[in-house]
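Structure file work_9.txt (compact mmCIF, C-alpha atoms) follows.
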```txt
# COMPACT_ATOMS: atom_id res chain seq x y z
CA MET W 245 -19.05 -47.93 -33.00
CA THR W 246 -19.03 -44.13 -32.93
CA THR W 247 -17.88 -42.02 -35.86
CA LEU W 248 -15.86 -39.65 -33.70
CA GLU W 249 -12.43 -38.91 -35.15
CA VAL W 250 -9.32 -40.29 -33.48
CA PRO W 251 -7.75 -37.18 -31.93
CA PRO W 252 -4.35 -36.31 -33.37
CA SER W 253 -1.24 -36.44 -31.25
CA PRO W 254 -0.69 -33.06 -29.57
CA ARG W 255 2.87 -32.88 -30.97
CA PRO W 256 4.69 -34.20 -34.03
CA ARG W 257 5.16 -37.97 -33.89
CA ARG W 258 8.52 -38.87 -32.38
CA HIS W 259 11.11 -40.50 -34.64
CA VAL W 260 13.85 -42.57 -33.01
CA ALA W 261 16.88 -43.25 -35.19
CA VAL W 262 19.77 -45.29 -33.76
CA THR W 263 22.94 -46.58 -35.38
CA ALA W 264 25.36 -48.99 -33.71
CA ALA W 265 26.77 -52.42 -34.48
CA ASP W 266 26.45 -53.42 -30.82
CA PRO W 267 22.82 -54.15 -29.83
CA HIS W 268 23.29 -52.97 -26.23
CA THR W 269 24.57 -49.65 -27.52
CA ARG W 270 21.59 -49.36 -29.85
CA GLY W 271 19.34 -50.06 -26.88
CA VAL W 272 20.98 -47.43 -24.70
CA ALA W 273 20.45 -44.86 -27.46
CA ARG W 274 16.80 -45.85 -27.74
CA GLY W 275 16.28 -45.66 -24.00
CA GLU W 276 17.89 -42.24 -23.74
CA ARG W 277 15.70 -40.89 -26.55
CA LEU W 278 12.58 -42.27 -24.86
CA ARG W 279 13.50 -41.58 -21.25
CA ASP W 280 10.29 -39.60 -20.72
CA GLY W 281 8.04 -41.80 -22.86
CA ILE W 282 8.80 -45.29 -21.58
CA PRO W 283 7.60 -44.61 -18.00
CA ALA W 284 4.35 -43.27 -19.46
CA ALA W 285 3.96 -46.47 -21.51
CA LEU W 286 4.62 -48.54 -18.40
CA ASP W 287 1.96 -46.61 -16.51
CA ALA W 288 -0.58 -47.30 -19.27
CA TYR W 289 0.22 -51.01 -19.34
CA ASP W 290 0.26 -51.28 -15.57
CA ARG W 291 -3.33 -50.03 -15.63
CA LEU W 292 -4.26 -52.55 -18.35
CA PHE W 293 -2.55 -55.38 -16.43
CA ALA W 294 -4.45 -54.42 -13.27
CA LEU W 295 -7.71 -54.21 -15.22
CA GLY W 296 -7.12 -57.79 -16.35
CA GLY W 297 -6.49 -58.99 -12.79
CA ILE W 298 -2.73 -59.48 -13.30
CA THR W 299 -0.81 -58.62 -10.14
CA PRO W 300 2.47 -56.66 -10.15
CA ASP W 301 4.31 -59.74 -8.83
CA ARG W 302 2.94 -61.83 -11.69
CA VAL W 303 3.93 -59.16 -14.22
CA ARG W 304 7.49 -59.15 -12.90
CA ALA W 305 7.76 -62.94 -12.87
CA ASP W 306 6.41 -63.14 -16.43
CA ALA W 307 8.75 -60.38 -17.63
CA GLU W 308 11.83 -61.99 -16.10
CA ARG W 309 10.90 -65.35 -17.60
CA ALA W 310 10.39 -63.74 -21.00
CA LEU W 311 13.76 -62.00 -20.78
CA ASP W 312 15.52 -65.30 -20.05
CA THR W 313 13.78 -66.95 -23.02
CA ILE W 314 14.73 -64.07 -25.29
CA GLY W 315 18.36 -64.31 -24.18
CA ASN W 316 18.50 -68.04 -24.79
CA PHE W 317 17.17 -67.60 -28.32
CA HIS W 318 18.85 -64.36 -29.38
CA ALA W 319 21.43 -62.79 -27.08
CA GLY W 320 21.44 -59.56 -29.08
CA ALA W 321 17.72 -58.97 -28.50
CA ARG W 322 18.15 -59.37 -24.75
CA ALA W 323 21.15 -57.04 -24.84
CA GLU W 324 19.13 -54.40 -26.67
CA ILE W 325 16.26 -54.62 -24.15
CA GLU W 326 18.74 -54.28 -21.30
CA GLY W 327 20.30 -51.34 -23.13
CA ILE W 328 16.92 -49.62 -23.42
CA ALA W 329 16.43 -50.10 -19.68
CA HIS W 330 19.87 -48.66 -18.97
CA GLY W 331 19.27 -45.65 -21.20
CA ALA W 332 15.87 -44.98 -19.64
CA GLY W 333 17.06 -45.52 -16.06
CA LEU W 334 14.80 -48.54 -15.43
CA ASP W 335 15.14 -52.11 -14.22
CA PRO W 336 15.46 -54.50 -17.19
CA TRP W 337 12.34 -56.44 -16.21
CA ARG W 338 10.25 -53.31 -16.63
CA VAL W 339 11.26 -52.98 -20.29
CA ALA W 340 10.91 -56.74 -20.72
CA ALA W 341 7.30 -56.40 -19.52
CA LEU W 342 6.62 -53.95 -22.34
CA ASN W 343 8.13 -56.30 -24.90
CA ALA W 344 6.07 -59.18 -23.52
CA ARG W 345 2.90 -57.13 -23.04
CA THR W 346 0.93 -59.33 -25.47
CA GLU W 347 1.90 -62.50 -23.64
CA ILE W 348 1.26 -61.05 -20.18
CA LEU W 349 -2.13 -59.71 -21.27
CA ALA W 350 -3.03 -63.21 -22.46
CA ARG W 351 -3.77 -63.85 -18.76
CA SER W 352 -6.30 -61.02 -18.74
CA ALA W 353 -10.00 -61.51 -18.15
CA ALA W 354 -10.71 -58.31 -20.13
CA VAL W 355 -12.29 -58.87 -23.54
CA PRO W 356 -11.08 -56.61 -26.38
CA PRO W 357 -13.60 -55.80 -29.13
CA GLY W 358 -11.29 -55.69 -32.16
CA GLU W 359 -7.84 -55.34 -33.64
CA CYS W 360 -5.86 -54.75 -36.86
CA THR W 361 -6.63 -55.38 -40.54
CA THR W 362 -3.91 -56.18 -43.11
CA ILE W 363 -3.89 -56.58 -46.90
CA VAL W 364 -0.91 -57.65 -49.02
CA ARG W 365 -1.18 -57.55 -52.81
CA ARG W 366 1.05 -59.06 -55.49
CA VAL W 367 0.86 -57.24 -58.83
CA PRO W 368 1.74 -59.63 -61.67
CA GLY W 369 4.69 -58.75 -63.84
CA GLY W 370 4.48 -58.35 -67.58
CA PRO W 371 7.02 -58.13 -70.39
CA GLY W 372 10.03 -56.40 -68.91
CA ARG W 373 8.27 -55.86 -65.57
CA ALA W 374 8.90 -57.65 -62.30
CA VAL W 375 6.21 -58.76 -59.87
CA ARG W 376 5.47 -56.02 -57.33
CA THR W 377 4.32 -56.77 -53.80
CA PHE W 378 3.12 -54.20 -51.28
CA GLY W 379 0.98 -54.12 -48.17
CA VAL W 380 -1.10 -51.98 -45.85
CA GLN W 381 -2.45 -52.33 -42.35
CA THR W 382 -4.20 -50.46 -39.62
CA TRP W 383 -2.64 -50.67 -36.18
CA ASP W 384 -5.62 -50.73 -33.82
CA TRP W 385 -4.98 -50.51 -30.10
CA HIS W 386 -6.13 -48.78 -26.93
CA VAL W 387 -6.49 -45.03 -27.46
CA GLU W 388 -4.63 -44.51 -24.17
CA LEU W 389 -1.48 -45.53 -26.09
CA ARG W 390 -2.09 -42.84 -28.73
CA ASP W 391 0.98 -40.79 -27.76
CA LEU W 392 3.17 -43.73 -26.70
CA TRP W 393 4.46 -45.03 -30.04
CA HIS W 394 7.03 -43.77 -32.50
CA THR W 395 8.54 -44.32 -35.91
CA VAL W 396 11.83 -46.18 -35.70
CA GLU W 397 15.00 -46.39 -37.76
CA SER W 398 17.42 -49.05 -36.54
CA ARG W 399 20.80 -49.37 -38.25
CA GLY W 400 23.90 -51.40 -37.51
CA GLY W 401 22.56 -54.95 -37.24
CA ARG W 402 22.75 -57.51 -40.01
CA TYR W 403 20.02 -55.54 -41.78
CA ASP W 404 18.77 -52.03 -41.11
CA PHE W 405 15.03 -51.62 -40.69
CA VAL W 406 12.40 -48.90 -40.42
CA GLY W 407 8.79 -48.87 -39.28
CA ILE W 408 6.75 -48.25 -36.15
CA THR W 409 6.79 -49.58 -32.62
CA GLU W 410 5.71 -48.63 -29.12
CA HIS W 411 7.93 -46.89 -26.60
CA GLY W 412 10.34 -49.45 -25.14
CA ILE W 413 9.38 -52.27 -27.54
CA LEU W 414 11.98 -53.56 -29.99
CA GLY W 415 9.76 -53.84 -33.06
CA LYS W 416 6.33 -54.23 -34.60
CA ILE W 417 5.70 -53.34 -38.27
CA GLY W 418 8.40 -52.53 -40.81
CA VAL W 419 10.64 -53.23 -43.76
CA ASN W 420 14.38 -53.93 -43.83
CA SER W 421 17.29 -53.09 -46.09
CA ALA W 422 17.15 -56.53 -47.73
CA GLY W 423 13.60 -55.78 -48.89
CA LEU W 424 11.74 -57.95 -46.38
CA ALA W 425 8.48 -56.43 -45.13
CA LEU W 426 6.47 -57.50 -42.08
CA HIS W 427 2.90 -56.66 -41.08
CA PHE W 428 1.79 -57.87 -37.64
CA ASN W 429 -1.63 -58.90 -36.27
CA ILE W 430 -2.48 -60.49 -32.93
CA LEU W 431 -4.34 -63.81 -32.71
CA GLY W 432 -5.64 -65.71 -29.68
CA HIS W 433 -5.19 -69.37 -28.67
CA GLU W 434 -6.26 -71.09 -25.46
CA ARG W 435 -2.65 -72.07 -24.73
CA ASP W 436 -1.24 -68.56 -25.12
CA GLY W 437 1.07 -67.36 -22.38
CA VAL W 438 4.63 -66.59 -21.36
CA GLY W 439 7.39 -69.09 -22.07
CA GLY W 440 8.35 -68.37 -25.66
CA VAL W 441 9.89 -65.47 -27.54
CA PRO W 442 7.36 -62.62 -27.36
CA MET W 443 5.71 -61.76 -30.67
CA HIS W 444 7.03 -58.19 -30.76
CA VAL W 445 10.57 -59.34 -30.07
CA LEU W 446 10.32 -62.03 -32.73
CA ALA W 447 9.15 -59.40 -35.23
CA ALA W 448 12.19 -57.26 -34.44
CA ILE W 449 14.55 -60.23 -34.75
CA VAL W 450 13.10 -61.12 -38.15
CA LEU W 451 13.42 -57.55 -39.42
CA GLY W 452 17.00 -57.34 -38.20
CA GLU W 453 18.18 -60.78 -39.34
CA ALA W 454 16.18 -62.11 -42.31
CA GLY W 455 17.21 -61.42 -45.90
CA GLY W 456 13.88 -62.54 -47.38
CA VAL W 457 10.71 -64.49 -46.80
CA ALA W 458 12.34 -67.93 -46.77
CA GLU W 459 14.95 -66.91 -44.22
CA ALA W 460 12.30 -65.20 -42.08
CA VAL W 461 10.18 -68.37 -41.99
CA GLU W 462 13.25 -70.40 -41.04
CA ILE W 463 14.02 -68.06 -38.11
CA ILE W 464 10.42 -68.18 -36.91
CA ARG W 465 10.21 -71.98 -37.13
CA GLY W 466 13.36 -72.18 -35.01
CA ALA W 467 11.97 -69.95 -32.26
CA PRO W 468 10.21 -71.20 -29.13
CA VAL W 469 6.66 -69.84 -29.49
CA ALA W 470 4.17 -69.83 -26.62
CA SER W 471 1.76 -67.17 -27.84
CA SER W 472 -0.12 -66.34 -31.01
CA GLY W 473 0.14 -63.83 -33.80
CA SER W 474 0.28 -63.41 -37.53
CA PHE W 475 3.17 -62.11 -39.59
CA ALA W 476 2.47 -61.14 -43.17
CA LEU W 477 5.92 -61.54 -44.71
CA PHE W 478 6.74 -60.39 -48.22
CA ASP W 479 9.69 -59.40 -50.32
CA GLU W 480 9.98 -58.39 -53.97
CA GLY W 481 8.89 -61.78 -55.27
CA GLU W 482 7.29 -63.83 -52.50
CA ALA W 483 4.55 -63.43 -49.91
CA VAL W 484 3.19 -65.58 -47.09
CA LEU W 485 0.87 -65.24 -44.10
CA LEU W 486 1.80 -67.14 -40.96
CA ASP W 487 -0.50 -68.42 -38.25
CA LEU W 488 1.88 -68.48 -35.27
CA SER W 489 0.63 -70.34 -32.20
CA PRO W 490 1.72 -72.55 -29.28
CA VAL W 491 0.74 -75.58 -31.42
CA GLY W 492 2.85 -74.66 -34.42
CA VAL W 493 3.48 -72.30 -37.31
CA PHE W 494 1.25 -72.63 -40.38
CA GLU W 495 1.50 -70.93 -43.79
CA ILE W 496 -1.09 -69.32 -46.07
CA ARG W 497 0.01 -68.40 -49.60
CA PRO W 498 -1.70 -66.15 -52.19
CA GLU W 499 -4.06 -68.14 -54.39
CA SER W 500 -2.54 -66.74 -57.59
CA ALA W 501 0.32 -64.57 -58.84
CA GLY W 502 -1.96 -61.53 -58.63
CA GLY W 503 -3.69 -62.58 -55.45
CA TYR W 504 -4.18 -60.95 -52.08
CA LEU W 505 -3.31 -61.96 -48.57
CA LEU W 506 -5.92 -60.73 -46.11
CA ARG W 507 -5.69 -60.87 -42.31
CA THR W 508 -7.80 -59.72 -39.43
CA ASN W 509 -7.58 -61.46 -36.02
CA HIS W 510 -8.59 -65.08 -36.36
CA PHE W 511 -6.67 -68.17 -37.45
CA LEU W 512 -6.92 -69.10 -41.12
CA THR W 513 -5.60 -72.65 -40.76
CA PRO W 514 -7.49 -75.50 -39.06
CA VAL W 515 -5.04 -76.82 -36.47
CA PRO W 516 -4.66 -73.68 -34.30
CA ALA W 517 -8.27 -72.70 -35.02
CA GLU W 518 -9.45 -75.74 -33.04
CA ALA W 519 -8.49 -74.01 -29.78
CA GLU W 520 -8.92 -70.39 -30.79
CA LYS W 521 -10.02 -67.81 -28.22
CA SER W 522 -12.97 -66.86 -30.38
CA ARG W 523 -14.46 -64.87 -27.53
CA LEU W 524 -11.65 -62.33 -27.89
CA TYR W 525 -12.07 -61.28 -31.51
CA GLN W 526 -15.33 -62.72 -32.82
CA PRO W 527 -17.66 -61.83 -34.37
CA ASP W 528 -15.67 -58.61 -35.07
CA SER W 529 -12.72 -60.28 -36.81
CA GLY W 530 -14.87 -62.42 -39.08
CA GLN W 531 -17.08 -59.48 -39.99
CA ARG W 532 -14.10 -57.32 -40.92
CA TYR W 533 -12.51 -60.17 -42.90
CA ASP W 534 -15.69 -60.90 -44.89
CA PHE W 535 -16.33 -57.21 -45.54
CA VAL W 536 -12.85 -56.48 -46.88
CA ARG W 537 -12.77 -59.72 -48.86
CA ALA W 538 -16.05 -58.81 -50.58
CA ARG W 539 -14.75 -55.31 -51.27
CA LEU W 540 -11.59 -56.76 -52.83
CA ALA W 541 -13.67 -59.06 -55.03
CA ARG W 542 -15.72 -56.23 -56.53
CA THR W 543 -13.00 -53.55 -56.72
CA GLU W 544 -10.53 -52.86 -59.49
CA PRO W 545 -7.23 -54.12 -58.04
CA PRO W 546 -5.29 -51.14 -56.64
CA ALA W 547 -1.96 -50.54 -58.34
CA THR W 548 -0.45 -48.59 -55.42
CA PRO W 549 -0.20 -48.91 -51.64
CA ALA W 550 -2.25 -45.72 -51.27
CA GLY W 551 -5.03 -47.32 -53.30
CA LEU W 552 -4.88 -50.38 -51.10
CA ALA W 553 -5.19 -48.19 -48.00
CA ARG W 554 -8.46 -46.73 -49.30
CA LEU W 555 -9.99 -50.20 -49.10
CA LEU W 556 -9.63 -49.99 -45.30
CA VAL W 557 -11.86 -46.93 -44.95
CA THR W 558 -15.21 -47.75 -43.35
CA GLY W 559 -18.03 -45.72 -41.86
CA PRO W 560 -21.25 -46.02 -39.84
CA GLY W 561 -23.06 -49.30 -40.30
CA GLU W 562 -19.98 -51.10 -41.61
CA PRO W 563 -17.57 -53.37 -39.71
CA PRO W 564 -14.99 -51.15 -37.95
CA VAL W 565 -11.99 -51.65 -40.22
CA THR W 566 -11.44 -47.96 -39.64
CA CYS W 567 -11.60 -48.10 -35.85
CA VAL W 568 -12.49 -45.01 -33.81
CA PRO W 569 -12.82 -44.82 -30.02
CA ASP W 570 -16.02 -44.38 -28.10
CA PRO W 571 -15.20 -41.94 -25.26
CA ALA W 572 -18.17 -43.27 -23.29
CA GLN W 573 -16.48 -46.66 -22.93
CA PRO W 574 -14.20 -47.47 -19.96
CA LEU W 575 -10.46 -48.19 -19.97
CA GLY W 576 -9.77 -51.30 -22.03
CA ALA W 577 -12.67 -50.72 -24.42
CA ARG W 578 -11.62 -47.49 -26.16
CA TRP W 579 -10.04 -48.84 -29.33
CA ALA W 580 -8.69 -46.76 -32.21
CA SER W 581 -6.75 -47.08 -35.44
CA LEU W 582 -3.68 -45.32 -34.08
CA ALA W 583 -1.67 -45.65 -37.29
CA THR W 584 -1.95 -46.77 -40.90
CA VAL W 585 1.20 -48.24 -42.45
CA THR W 586 2.08 -49.21 -46.02
CA LEU W 587 5.19 -51.23 -46.86
CA GLU W 588 7.01 -51.51 -50.22
CA PRO W 589 9.86 -54.04 -50.38
CA ALA W 590 11.14 -52.89 -53.78
CA ASP W 591 11.82 -49.40 -52.40
CA ARG W 592 12.70 -50.60 -48.87
CA ALA W 593 10.10 -48.03 -47.83
CA ALA W 594 7.46 -47.64 -45.13
CA HIS W 595 4.84 -44.89 -45.23
CA VAL W 596 3.27 -44.09 -41.87
CA LEU W 597 0.05 -42.16 -41.34
CA ASP W 598 -0.56 -40.87 -37.83
CA GLY W 599 -4.24 -41.81 -37.83
CA THR W 600 -6.87 -43.91 -39.57
CA PRO W 601 -7.10 -44.73 -43.30
CA ALA W 602 -9.87 -42.12 -43.50
CA ASP W 603 -7.26 -39.46 -42.62
CA ALA W 604 -5.08 -40.24 -45.65
CA ASP W 605 -6.11 -37.10 -47.56
CA SER W 606 -6.01 -34.71 -44.62
CA ARG W 607 -2.85 -35.68 -42.70
CA PRO W 608 0.71 -36.13 -43.97
CA TRP W 609 2.37 -39.51 -44.44
CA ARG W 610 5.92 -39.96 -43.17
CA ARG W 611 8.19 -41.86 -45.56
CA LEU W 612 10.97 -43.98 -44.06
CA THR W 613 13.56 -45.93 -46.03
CA ALA W 614 15.79 -48.75 -44.85
CA ALA W 615 18.01 -48.66 -47.94
```
Could you rewrite the structure in this file as structure tokens?
Amino acid sequence: MTTLEVPPSPRPRRHVAVTAADPHTRGVARGERLRDGIPAALDAYDRLFALGGITPDRVRADAERALDTIGNFHAGARAEIEGIAHGAGLDPWRVAALNARTEILARSAAVPPGECTTIVRRVPGGPGRAVRTFGVQTWDWHVELRDLWHTVESRGGRYDFVGITEHGILGKIGVNSAGLALHFNILGHERDGVGGVPMHVLAAIVLGEAGGVAEAVEIIRGAPVASSGSFALFDEGEAVLLDLSPVGVFEIRPESAGGYLLRTNHFLTPVPAEAEKSRLYQPDSGQRYDFVRARLARTEPPATPAGLARLLVTGPGEPPVTCVPDPAQPLGARWASLATVTLEPADRAAHVLDGTPADADSRPWRRLTAA
């Protein structure tokens, strides 16, 4: 892995703020704000779909099937996707394809070399002090998507939420006005595909509808799931990691009141691990997991999200927790930490760094609040 820096975006990162009680209206506002950016995102994903041998007809069929599944589970999410399409002047299936990009790419023969790293820490309370929980993650993805994501502020649903997502996609990483935070990593199972609620859509539904960890888990367990991912869910007093997969949803809890939750890109529970697509993320995921776990074991526990983010800084000769692209690699193999995000449920706050954890002292963080 090269040590070249991830190039900064050529313009200030776009922030999309929408407020409306009606989800279709929220979607229209999103689509209008991203009318130039969503077609560019579609072009990037069309190239990735083609690279993976997925035909345009298959993409459309998968997208339309995903949209029907979304509508059957949560009519408001479908309405918002259709609103985005209307606002951007696109057919709904095109925006549905973005929201189901993970599930469609599960058909791909391309092999990605790595993905995101997440840490959640619970700080024990003392006399007169409550337990504090906060988290950090890198969002690692193809460098071609560097300019095709934005910070988001969605208000008017059951709960407001803030965070980051890609152009045209309902949600990804964030915290809501009830104090529920969600970090998101992709996993891989042999049965992954289209037929359930897409992971990104499910993340957005949870952020918009769940008042805490318990309610979020209930929503997720009630959803049809046909693909894999991990949600790190935490509020002011509770934290859980979920292995989501076509064979079920499985929980991982912190080992102690002051414990960590650590996630890279492999299953941590035995049932879904039996049919894991290890070829996708190993040995990279295991190496990153073991490296960060060892660093946590020998490091004074960070008392702040910024301190936690420093634990994700890596350099030459170390597993690429801080992921930088190799320009010599072809499309589909140029991976980068496009963003670093910390979440604080107590403050209903997300801090977003446009770059890798190594950029924390040289680039500004954007603070978003859902309160």
Exercise for the section: Pick out the residues sitting within 7 Å of Thr313 of chain W, and hand them over as a ChimeraX atom specification; count only C-alpha atoms, and ignore anything fewer than 4 positions along from it in its own chain. Expected result: /W:309,317,439-441
Problem - Best match for closeness to Ile314 of chain W among W:Thr395, W:Glu388, W:Val438, W:Thr566, counting only C-alpha atoms - result: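 Of W:Thr395, W:Glu388, W:Val438, W:Thr566, the one nearest Ile314 of chain W, counting only C-alpha atoms, is W:Val438.
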Practice task
Measuring atom to atom with all atoms listed in the file, identify which of W:Asp266, W:Glu480, W:Asp570, W:Glu459 is nearest to Ala374 of chain W.
Solution key: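 The answer is W:Glu480, which sits nearest to Ala374 of chain W.
Closest to Leu292 of chain W among W:Val406, W:Ala353, W:Ile496, W:Leu451 is W:Ala353, based on all atoms listed in the file.
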Problem - Shell of 12 Å around Ala550 of chain W, all atoms listed in the file, local chain residues under 3 positions omitted, as a ChimeraX atom specification - result: /W:363,365,378-381,545-547,553-557,584-588,594-597,601-605,609
Practice task
Give the answer as one residue: which of W:Val469, W:Ala294, W:Leu552, W:Leu488 has the shortest atom-to-atom distance to Tyr504 of chain W, using only C-alpha atoms?
Solution key: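 For Tyr504 of chain W, the nearest of the given residues is W:Leu552.
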Fill in the blank from the handout: Min atom-atom distance to Arg257 of chain W from the set W:Glu544, W:Asp534, W:Asp598, W:Asp404, counting only C-alpha atoms, belongs to W:Asp598
Exercise for the section: Identify which of the residues W:Val375, W:Val364, W:Ala319, W:Ala350 lies closest to Gly481 of chain W, counting all atoms listed in the file when measuring atom-to-atom distances. Expected result: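 Smallest distance to Gly481 of chain W is found for W:Val375.
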Problem - Residue neighbourhood Gly530 of chain W, 8 Å, only C-alpha atoms, exclusion window fewer than 4 positions, as a list of chain:residue names - result: W:Thr508, W:Asn509, W:His510, W:Gln526, W:Asp534
Only C-alpha atoms, please: the residues just picked out, written as a compact mmCIF listing (two decimals), in the coordinates of the input.
```
# COMPACT_ATOMS: atom_id res chain seq x y z
CA THR W 508 -7.80 -59.72 -39.43
CA ASN W 509 -7.58 -61.46 -36.02
CA HIS W 510 -8.59 -65.08 -36.36
CA GLN W 526 -15.33 -62.72 -32.82
CA ASP W 534 -15.69 -60.90 -44.89
```
Could the centre and edge lengths of an axis-aligned box, enclosing all atoms of segment 525-534 of chain W in the file with 3 Å extra on each side, be given in Å to one decimal as JSON?
```
{"center_x": -14.9, "center_y": -60.0, "center_z": -38.2, "size_x": 11.6, "size_y": 11.4, "size_z": 19.4}
```
Exercise for the section: Compute the distance from (-7.3, -68.4, -36.6) to each atom, counting only C-alpha atoms, keep the residues with any atom at most 9 Å away, and return them as a list of chain:residue names; use the coordinates of the file. Expected result: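 Checked against the point, the hits come out as W:Leu431, W:Gly432, W:His433, W:Asp487, W:Asn509, W:His510, W:Phe511, W:Leu512, W:Thr513, W:Pro514, W:Val515, W:Pro516, W:Ala517, W:Glu518, W:Ala519, W:Glu520, W:Lys521, W:Ser522.
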Problem - Separation of atom CA of Gly415 of chain W from atom CA of Ala614 of chain W in Å - result: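 Interatomic distance here is 14.2 Å.
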